[in-house]
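Peer 1: My structure is below; once you've seen it, I'll send some questions.
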Amino acid sequence: GVLTVLCGDTRTGKTFALERYARRFPLSTNEHGALRRVVYADMPVDCNLRAMVEQIADALNVSYTQRMNTRALCGAVLKGLKKQEVEFLILDEFQEAFDVTRKKAFKDIRGFLRKILNLRTLNVCVGGLVETYEVLAADKQLKGRGLLPHYEVAAYEWGNTDDQKLFRLLCDEIDERLPFREKSKLGSVALAQRLHWVTDGVI
């Protein structure tokens, strides 16, 4: 029943990290059906409660029709999370769902997130912008679910020695994958610094 947040600016690698983690836990089965220890669901743009629940239902492979009302679908998803023994639910691009300017959607989604946490059978991690964490942290009921552990994925800082080494290592890895006979020396100080300058450390 703990809520955690992975936040950061756009293109800093949050989705890559979350998807890569989720792939480590493939689907398995037992005599009762499918088991999904880790479930990844990507929130659609400007989503409301219905859109959010449909995304989770799709990730769980829970069948539904458009004629099914949202309340029934919410129930089916909660049942699916327990039946499939989900331990960790990842909700990516959560800023699309947790938008305070859309009051009804914000209230409904916040309520459903609490219901998921109240199952006490799984933890939830949301990925989103830094502002998303700030909004979640302002909700005392959500923060009460484990004090809202969070990690901010930051862009590489050229002035930071460790970040500079990591950025150069990343550039060198990109260089290795280019289809050229000779390396382009992207990891050299001169080229890596130029790449950092044009990308602001987000590559």
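Order determines the names: the first chain of the structure tokens is A, the second B, and so forth; residues in each chain are numbered 1 upward, and ligands are numbered 1 upward as they are shown.
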Per DSSP on the backbone, filter region 29-182 of chain A down to the residues in alpha helix (DSSP H) and report them as a VMD selection string.
Peer 2: chain A and resid 49 to 60 70 to 83 103 to 118 130 to 137 140 to 143 161 to 177
Peer 1: Excluding region 133-145 of chain A and residues on its chain fewer than 3 positions from it, collect all residues at most 9 Å away from it, counting only C-alpha atoms, and give them as a ChimeraX atom specification.
Peer 2: /A:1-7,95,98-100,110,113-114,117,126-130,148-150
Peer 1: Pull the closest atom pair for each residue of region 89-148 of chain A that gets at most 7 Å from region 45-59 of chain A, along with the distance in Å to one decimal, counting only C-alpha atoms, ordering rows by chain and then ascending residue number, as JSON lines.
Peer 2:
```
{"residue": "A:Glu96", "atom": "CA", "partner": "A:Asp46", "partner_atom": "CA", "distance": 5.0}
{"residue": "A:Ala97", "atom": "CA", "partner": "A:Cys47", "partner_atom": "CA", "distance": 5.3}
{"residue": "A:Ala105", "atom": "CA", "partner": "A:Asn48", "partner_atom": "CA", "distance": 5.0}
{"residue": "A:Asp108", "atom": "CA", "partner": "A:Leu49", "partner_atom": "CA", "distance": 6.0}
{"residue": "A:Ile109", "atom": "CA", "partner": "A:Leu49", "partner_atom": "CA", "distance": 5.3}
```
Peer 1: DSSP says strand (DSSP E) for which residues of chain A? Put them as a PyMOL selection string?
Peer 2: chain A and resi 3-8+28-30+33-35+38-42+88-92+123-128+150-153
Peer 1: I need the residue nearest Thr199 (chain A) from this list: A:Asp162, A:Glu157, A:Glu182, A:Asp172. Use only C-alpha atoms for the distance.
Peer 2: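 Of all the options, A:Glu157 lies closest to Thr199 (chain A).
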Peer 1: Give me, as a PyMOL selection string, all polymer residues having an atom no more than 7 Å from Gly187 (chain A), counting only C-alpha atoms and skipping those fewer than 2 positions away in the same chain.
Peer 2: chain A and resi 168-169+171-172+185+189+191-192
Peer 1: Just to be explicit: take each residue in the selection above, keep C-alpha atoms, and write the result as a PDB file, in the first residue's frame.
Peer 2:
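Generated output (result_9.pdb):
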```
ATOM      1  CA  ARG A 168      30.690  11.123 -22.089  1.00  0.00           C
ATOM      2  CA  LEU A 169      30.156   7.398 -21.471  1.00  0.00           C
ATOM      3  CA  CYS A 171      27.937   9.545 -25.971  1.00  0.00           C
ATOM      4  CA  ASP A 172      30.607   6.866 -26.443  1.00  0.00           C
ATOM      5  CA  LYS A 185      34.710  10.238 -31.031  1.00  0.00           C
ATOM      6  CA  VAL A 189      35.612  16.100 -24.215  1.00  0.00           C
ATOM      7  CA  LEU A 191      32.387  16.731 -28.918  1.00  0.00           C
ATOM      8  CA  ALA A 192      30.593  15.626 -25.755  1.00  0.00           C
TER       9      ALA A 192
END
```
Peer 1: Mind checking which residues fall within 8 Å of Val38 (chain A), counting only C-alpha atoms, ignoring those fewer than 4 positions away in the same chain, and posting them as a PDB file with N, CA, C and O atoms, in the first residue's frame?
Peer 2:
```pdb
ATOM      1  N   ALA A  22       9.907  -3.077 -15.713  1.00  0.00           N
ATOM      2  CA  ALA A  22       8.712  -3.922 -15.864  1.00  0.00           C
ATOM      3  C   ALA A  22       9.006  -5.168 -16.699  1.00  0.00           C
ATOM      4  O   ALA A  22       8.445  -6.240 -16.435  1.00  0.00           O
ATOM      5  N   PHE A  25       9.921  -8.733 -15.290  1.00  0.00           N
ATOM      6  CA  PHE A  25       8.934  -9.599 -14.636  1.00  0.00           C
ATOM      7  C   PHE A  25       7.890 -10.063 -15.654  1.00  0.00           C
ATOM      8  O   PHE A  25       6.813  -9.486 -15.753  1.00  0.00           O
ATOM      9  N   VAL A  86      -0.841  -8.917  -8.470  1.00  0.00           N
ATOM     10  CA  VAL A  86       0.060  -7.814  -8.822  1.00  0.00           C
ATOM     11  C   VAL A  86       0.697  -7.273  -7.547  1.00  0.00           C
ATOM     12  O   VAL A  86       0.017  -6.999  -6.563  1.00  0.00           O
ATOM     13  N   GLU A  87       2.027  -7.132  -7.577  1.00  0.00           N
ATOM     14  CA  GLU A  87       2.768  -6.616  -6.427  1.00  0.00           C
ATOM     15  C   GLU A  87       3.180  -5.158  -6.630  1.00  0.00           C
ATOM     16  O   GLU A  87       3.406  -4.433  -5.667  1.00  0.00           O
ATOM     17  N   PHE A  88       3.307  -4.756  -7.906  1.00  0.00           N
ATOM     18  CA  PHE A  88       3.822  -3.425  -8.203  1.00  0.00           C
ATOM     19  C   PHE A  88       3.146  -2.895  -9.465  1.00  0.00           C
ATOM     20  O   PHE A  88       3.254  -3.489 -10.535  1.00  0.00           O
ATOM     21  N   LEU A  89       2.416  -1.804  -9.317  1.00  0.00           N
ATOM     22  CA  LEU A  89       1.720  -1.183 -10.449  1.00  0.00           C
ATOM     23  C   LEU A  89       2.434   0.116 -10.811  1.00  0.00           C
ATOM     24  O   LEU A  89       2.611   0.996  -9.961  1.00  0.00           O
ATOM     25  N   ILE A  90       2.833   0.232 -12.067  1.00  0.00           N
ATOM     26  CA  ILE A  90       3.532   1.428 -12.552  1.00  0.00           C
ATOM     27  C   ILE A  90       2.581   2.217 -13.440  1.00  0.00           C
ATOM     28  O   ILE A  90       2.077   1.702 -14.442  1.00  0.00           O
TER      29      ILE A  90
END
```
